[in-house]
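For reference, model.csv (CSV, C-alpha atoms):
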chain,number,residue,atom,x,y,z
A,335,GLY,CA,211.8,-14.6,194.0
A,336,PRO,CA,214.0,-17.7,194.9
A,337,GLU,CA,214.9,-18.4,191.3
A,338,ALA,CA,216.1,-14.8,190.7
A,339,GLU,CA,218.2,-15.0,193.8
A,340,LEU,CA,219.7,-18.3,192.6
A,341,VAL,CA,220.6,-16.7,189.2
A,342,ALA,CA,222.1,-13.6,191.0
A,343,LEU,CA,224.2,-15.8,193.2
A,344,PHE,CA,225.4,-17.8,190.1
A,345,LEU,CA,226.3,-14.6,188.1
A,346,ASP,CA,228.1,-13.0,191.0
A,347,GLN,CA,230.2,-16.1,191.5
A,348,PHE,CA,230.9,-16.4,187.8
A,349,ARG,CA,232.1,-12.8,187.5
A,350,ASP,CA,234.4,-13.3,190.6
A,351,GLU,CA,235.9,-16.5,189.2
A,352,ASN,CA,236.5,-15.2,185.7
A,353,ALA,CA,237.3,-11.5,186.3
A,354,ASP,CA,241.0,-11.9,185.8
A,355,GLY,CA,241.0,-15.0,183.6
A,356,PRO,CA,242.4,-15.3,180.0
A,357,HIS,CA,239.0,-15.8,178.3
A,358,LYS,CA,236.4,-13.2,177.3
A,359,TYR,CA,232.7,-13.7,178.2
A,360,ALA,CA,229.4,-12.1,177.5
A,361,LEU,CA,226.4,-12.7,179.7
A,362,PHE,CA,222.9,-12.8,178.3
A,363,TYR,CA,220.1,-12.7,180.9
A,364,GLU,CA,216.7,-14.2,179.7
A,365,PRO,CA,217.3,-13.6,176.0
A,366,LEU,CA,214.3,-14.3,173.7
A,367,VAL,CA,215.0,-17.3,171.5
A,368,PRO,CA,212.6,-19.6,169.6
A,369,THR,CA,212.7,-22.2,172.5
A,370,GLY,CA,211.8,-19.6,175.1
A,371,PHE,CA,213.7,-17.5,177.6
A,372,PRO,CA,216.8,-19.2,178.9
A,373,ASP,CA,217.7,-17.9,182.4
A,374,VAL,CA,221.3,-17.3,181.6
A,375,VAL,CA,223.4,-17.7,178.5
A,376,ILE,CA,227.2,-17.4,178.8
A,377,ALA,CA,229.0,-16.7,175.5
A,378,GLU,CA,232.8,-17.2,175.4
A,379,TYR,CA,234.3,-15.4,172.4
A,380,GLN,CA,237.4,-14.4,170.5
A,381,GLU,CA,237.2,-10.6,169.9
A,382,LYS,CA,239.6,-10.6,166.9
A,383,VAL,CA,237.0,-12.4,164.8
A,384,PHE,CA,234.6,-9.6,165.2
A,385,LEU,CA,237.1,-6.9,164.2
A,386,SER,CA,236.9,-7.8,160.5
A,387,TRP,CA,233.1,-7.1,160.4
A,388,THR,CA,231.8,-4.5,157.9
A,389,ASP,CA,228.8,-2.2,158.6
A,390,THR,CA,226.6,-4.4,156.5
A,391,ARG,CA,227.0,-7.2,159.1
A,392,LYS,CA,224.6,-5.4,161.4
A,393,LYS,CA,221.8,-5.6,158.8
A,394,LEU,CA,221.6,-9.4,158.5
A,395,THR,CA,218.1,-10.8,159.0
A,396,VAL,CA,217.0,-14.1,160.6
A,397,LEU,CA,216.5,-15.5,157.1
A,398,ASP,CA,220.0,-14.5,156.1
A,399,LEU,CA,221.3,-16.4,159.1
A,400,LYS,CA,219.2,-19.5,158.4
A,401,ILE,CA,220.6,-19.6,154.9
A,402,LEU,CA,224.1,-19.1,156.1
A,403,ASN,CA,223.8,-21.8,158.7
A,404,HIS,CA,222.4,-24.2,156.1
A,405,LEU,CA,225.3,-23.6,153.8
A,406,TYR,CA,227.7,-24.5,156.6
A,407,PHE,CA,225.7,-27.6,157.4
A,408,ILE,CA,225.7,-28.9,153.8
A,409,GLY,CA,229.0,-27.5,152.7
A,410,GLY,CA,227.6,-25.2,150.0
A,411,ALA,CA,224.8,-25.3,147.4
A,412,SER,CA,223.4,-23.8,144.2
A,413,SER,CA,220.6,-21.3,144.3
A,414,GLY,CA,218.2,-23.9,143.0
A,415,LYS,CA,219.1,-26.4,145.8
A,416,ILE,CA,218.8,-23.7,148.5
A,417,ILE,CA,215.3,-22.8,147.2
A,418,GLU,CA,214.3,-26.5,147.1
A,419,GLN,CA,215.8,-27.4,150.5
A,420,LEU,CA,214.6,-24.4,152.5
A,421,ALA,CA,211.3,-23.8,150.6
A,422,ILE,CA,211.9,-20.1,150.1
A,423,SER,CA,211.2,-17.8,147.1
A,424,LYS,CA,213.8,-16.7,144.6
A,425,LEU,CA,213.3,-13.1,145.6
A,426,ASN,CA,214.0,-13.9,149.3
A,427,LEU,CA,217.0,-16.0,148.4
A,428,TYR,CA,218.5,-13.3,146.1
A,429,GLU,CA,218.1,-10.7,148.8
A,430,ALA,CA,219.7,-12.9,151.4
A,431,ILE,CA,222.6,-13.8,149.0
A,432,GLU,CA,223.2,-10.1,148.5
A,433,HIS,CA,223.3,-9.4,152.2
A,434,LEU,CA,225.7,-12.3,152.8
A,435,LEU,CA,228.0,-11.3,150.0
A,436,ASP,CA,228.1,-7.7,151.3
A,437,ALA,CA,228.9,-9.0,154.8
A,438,LYS,CA,231.7,-11.1,153.3
A,439,LEU,CA,230.3,-14.3,154.7
A,440,ILE,CA,229.9,-16.3,151.4
A,441,THR,CA,231.6,-16.7,148.0
A,442,ARG,CA,230.7,-18.2,144.7
A,443,LYS,CA,232.7,-21.3,143.6
A,444,ASN,CA,231.9,-24.0,141.1
A,445,LYS,CA,228.4,-22.7,140.6
A,446,LYS,CA,227.7,-23.0,144.3
A,447,TRP,CA,227.4,-20.6,147.2
A,448,GLN,CA,230.1,-21.4,149.6
A,449,PRO,CA,230.5,-20.2,153.2
A,450,LEU,CA,233.8,-18.8,154.3
A,451,PRO,CA,235.8,-20.7,156.9
A,452,ILE,CA,233.9,-20.8,160.1
A,453,ASN,CA,236.9,-19.5,162.2
A,454,GLN,CA,236.8,-16.3,160.1
A,455,THR,CA,233.1,-15.6,160.6
A,456,TYR,CA,232.0,-17.1,163.9
A,457,GLY,CA,233.5,-15.5,167.0
A,458,LEU,CA,231.9,-17.7,169.7
A,459,ARG,CA,233.9,-20.5,171.2
A,460,GLY,CA,231.3,-21.6,173.7
A,461,LEU,CA,227.6,-21.0,174.4
A,462,GLN,CA,226.5,-22.3,177.8
A,463,THR,CA,222.9,-22.1,178.9
A,464,VAL,CA,221.8,-22.4,182.5
A,465,GLU,CA,218.2,-23.0,183.5
A,466,ALA,CA,217.4,-22.2,187.2
A,467,LYS,CA,214.5,-23.9,189.1
A,468,VAL,CA,213.4,-24.1,192.7
A,469,GLY,CA,211.0,-27.0,191.9
A,470,ASN,CA,209.5,-28.9,189.0
A,471,TRP,CA,212.5,-31.0,187.9
A,472,ASP,CA,210.7,-32.2,184.8
A,473,SER,CA,210.1,-28.6,183.6
A,474,VAL,CA,213.6,-27.5,184.0
A,475,LEU,CA,215.0,-30.6,182.3
A,476,LYS,CA,212.7,-30.1,179.3
A,477,GLN,CA,213.8,-26.5,178.9
A,478,ALA,CA,217.5,-27.4,179.2
A,479,PHE,CA,217.0,-30.1,176.6
A,480,LEU,CA,215.5,-27.6,174.2
A,481,ASN,CA,218.4,-25.3,174.7
A,482,LYS,CA,220.7,-27.9,173.3
A,483,CYS,CA,219.5,-27.0,169.8
A,484,PHE,CA,221.7,-23.9,169.9
A,485,ALA,CA,224.1,-24.2,172.8
A,486,SER,CA,227.4,-25.9,173.1
A,487,GLU,CA,226.6,-26.9,176.7
A,488,SER,CA,223.3,-27.0,178.6
A,489,TYR,CA,222.9,-26.9,182.4
A,490,VAL,CA,220.2,-27.0,185.0
A,491,MET,CA,220.7,-25.2,188.3
A,492,LEU,CA,218.8,-26.3,191.3
A,493,SER,CA,218.1,-24.6,194.7
A,494,ILE,CA,219.0,-27.7,196.6
A,495,VAL,CA,222.1,-29.1,198.3
A,496,LYS,CA,223.6,-32.0,196.4
A,497,PRO,CA,221.1,-33.4,193.9
A,498,SER,CA,220.4,-37.1,194.1
A,499,GLU,CA,222.5,-39.4,192.0
A,500,LYS,CA,219.4,-40.6,190.2
A,501,ASN,CA,218.6,-37.0,189.0
A,502,ILE,CA,222.2,-36.4,188.1
A,503,GLN,CA,222.2,-39.5,185.9
A,504,ARG,CA,218.8,-38.5,184.4
A,505,ALA,CA,220.2,-35.2,183.3
A,506,ASN,CA,223.5,-36.6,182.1
A,507,SER,CA,221.6,-39.2,180.0
A,508,GLN,CA,220.3,-36.3,178.0
A,509,GLY,CA,223.7,-34.6,177.8
A,510,ILE,CA,222.7,-32.0,180.4
A,511,GLY,CA,225.0,-30.8,183.3
A,512,VAL,CA,223.9,-30.0,186.8
A,513,PHE,CA,224.6,-27.0,189.1
A,514,ALA,CA,223.3,-26.9,192.7
A,515,LEU,CA,224.1,-25.2,196.0
A,516,THR,CA,227.0,-26.1,198.3
A,517,THR,CA,226.4,-27.3,201.8
A,518,ASP,CA,226.5,-23.8,203.3
A,519,ARG,CA,224.0,-22.6,200.5
A,520,ARG,CA,226.3,-19.6,199.8
A,521,HIS,CA,227.9,-20.9,196.6
A,522,ILE,CA,227.0,-22.7,193.4
A,523,ARG,CA,228.8,-26.0,192.6
A,524,LYS,CA,228.9,-28.0,189.4
A,525,TYR,CA,227.8,-31.6,190.3
A,526,ALA,CA,227.9,-32.9,186.7
A,527,ASN,CA,229.4,-31.7,183.4
A,528,ALA,CA,227.3,-31.2,180.3
A,529,GLN,CA,228.0,-32.8,177.0
A,530,ARG,CA,230.0,-30.3,174.9
A,531,ASN,CA,229.1,-29.8,171.3
A,532,LEU,CA,230.6,-27.8,168.5
A,533,LEU,CA,229.2,-24.4,167.4
A,534,PRO,CA,227.2,-23.2,165.6
A,535,LYS,CA,224.5,-25.8,166.0
A,536,SER,CA,221.7,-23.9,164.4
A,537,TYR,CA,220.8,-20.4,163.2
A,538,VAL,CA,220.0,-19.5,166.8
A,539,SER,CA,223.7,-20.0,167.6
A,540,TRP,CA,224.4,-17.4,164.9
A,541,LEU,CA,221.9,-15.0,166.6
A,542,PHE,CA,224.1,-14.9,169.7
A,543,ASN,CA,227.1,-14.3,167.6
A,544,GLU,CA,225.5,-11.4,165.8
A,545,TRP,CA,224.0,-9.9,168.9
A,546,LEU,CA,227.4,-9.9,170.6
A,547,GLY,CA,229.2,-8.5,167.5
A,548,ARG,CA,226.7,-5.7,167.1
A,549,LYS,CA,227.1,-4.8,170.7
A,550,LEU,CA,230.9,-4.8,170.6
A,551,LEU,CA,231.3,-2.9,167.4
A,552,PHE,CA,228.3,-0.8,166.9
A,553,GLY,CA,226.9,-0.4,170.4
A,554,LEU,CA,223.5,-1.9,169.3
Re-express the file's structure as structure tokens.
Amino acid sequence: GPEAELVALFLDQFRDENADGPHKYALFYEPLVPTGFPDVVIAEYQEKVFLSWTDTRKKLTVLDLKILNHLYFIGGASSGKIIEQLAISKLNLYEAIEHLLDAKLITRKNKKWQPLPINQTYGLRGLQTVEAKVGNWDSVLKQAFLNKCFASESYVMLSIVKPSEKNIQRANSQGIGVFALTTDRRHIRKYANAQRNLLPKSYVSWLFNEWLGRKLLFGL
């Protein structure tokens, strides 16, 4: 349909513009995440970070990643604090701690579990989501806003030529950027930049990191 054609046009243009560039990208098409199925997710990454992975890294579970992200968020915690703050059982915590230690993602210091420096464990440098819509401006804005919980940048992409200034401002007030068609309707143009946030923003940001690493190193 029209939305699929819009996404295809965007992806073709993105590949052409970045084929010979200095950065590495991975494209995710409609990945399943807790907020739904973003149409496109573009991950910019540094390959060298993934090269230090051990085989145990591919065995990490969602709970492991939730605990890891929590440790980064609070800067480390004791086992008791993690159990209290995340409302998990001792057994689940100890299993997760074992997984994270085996994967060389955390260490023990001053009676607390501490995450390793983020630049050693997280290979993504950008995570841009793009939600395409032919109509229903409210719906696409809502989904783009939800995507901000894990993305560094969130965009809407519209099948129109030059969105109104009112709609651009409406998107920007929520930190969302805007793509739309050029006058000849043959290309995609960025009409407004999205607010850029640091990664990882949540455990879902880690999911993309792990999916990419498993693909690069283990072919999974």
Practice prompt. Please identify all polymer residues within 10 Å of A:Arg519, counting all atoms listed in the file, omitting same-chain residues fewer than 4 positions from it, and present them as number ranges by chain.
Written response: A: 340, 343, 493-495, 514-515, 523
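Using only C-alpha atoms, the smallest distance between any of A:Asp472, A:Ala411, A:Cys483, A:Leu405 and A:Pro451 comes from A:Leu405.
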Discussion item. As a list in words, please: the residues near A:Leu366 (cut-off 12 Å, all atoms listed in the file, same-chain neighbours under 5 positions excluded).
Written reply: Phe371, Pro372, Asp373, Val374, Val375, Asn481, Val538, Leu541, Phe542 and Trp545 of chain A
Which centre and edge lengths in Å to one decimal define the box along x, y and z that fits every listed atom of stretch 406-416 of chain A plus 4 Å per side, as lines of an AutoDock Vina configuration file?
center_x = 223.6
center_y = -25.1
center_z = 150.2
size_x = 18.8
size_y = 15.6
size_z = 22.4
Could you give me, as a PDB file with C-alpha atoms, keeping the file's coordinate frame, the residues within 8 Å of A:Lys392, counting all atoms listed in the file and dropping anything in the same chain fewer than 3 positions from it?
ATOM      1  CA  ASP A 389     228.800  -2.200 158.600  1.00  0.00           C
ATOM      2  CA  GLU A 544     225.500 -11.400 165.800  1.00  0.00           C
ATOM      3  CA  ARG A 548     226.700  -5.700 167.100  1.00  0.00           C
TER       4      ARG A 548
END
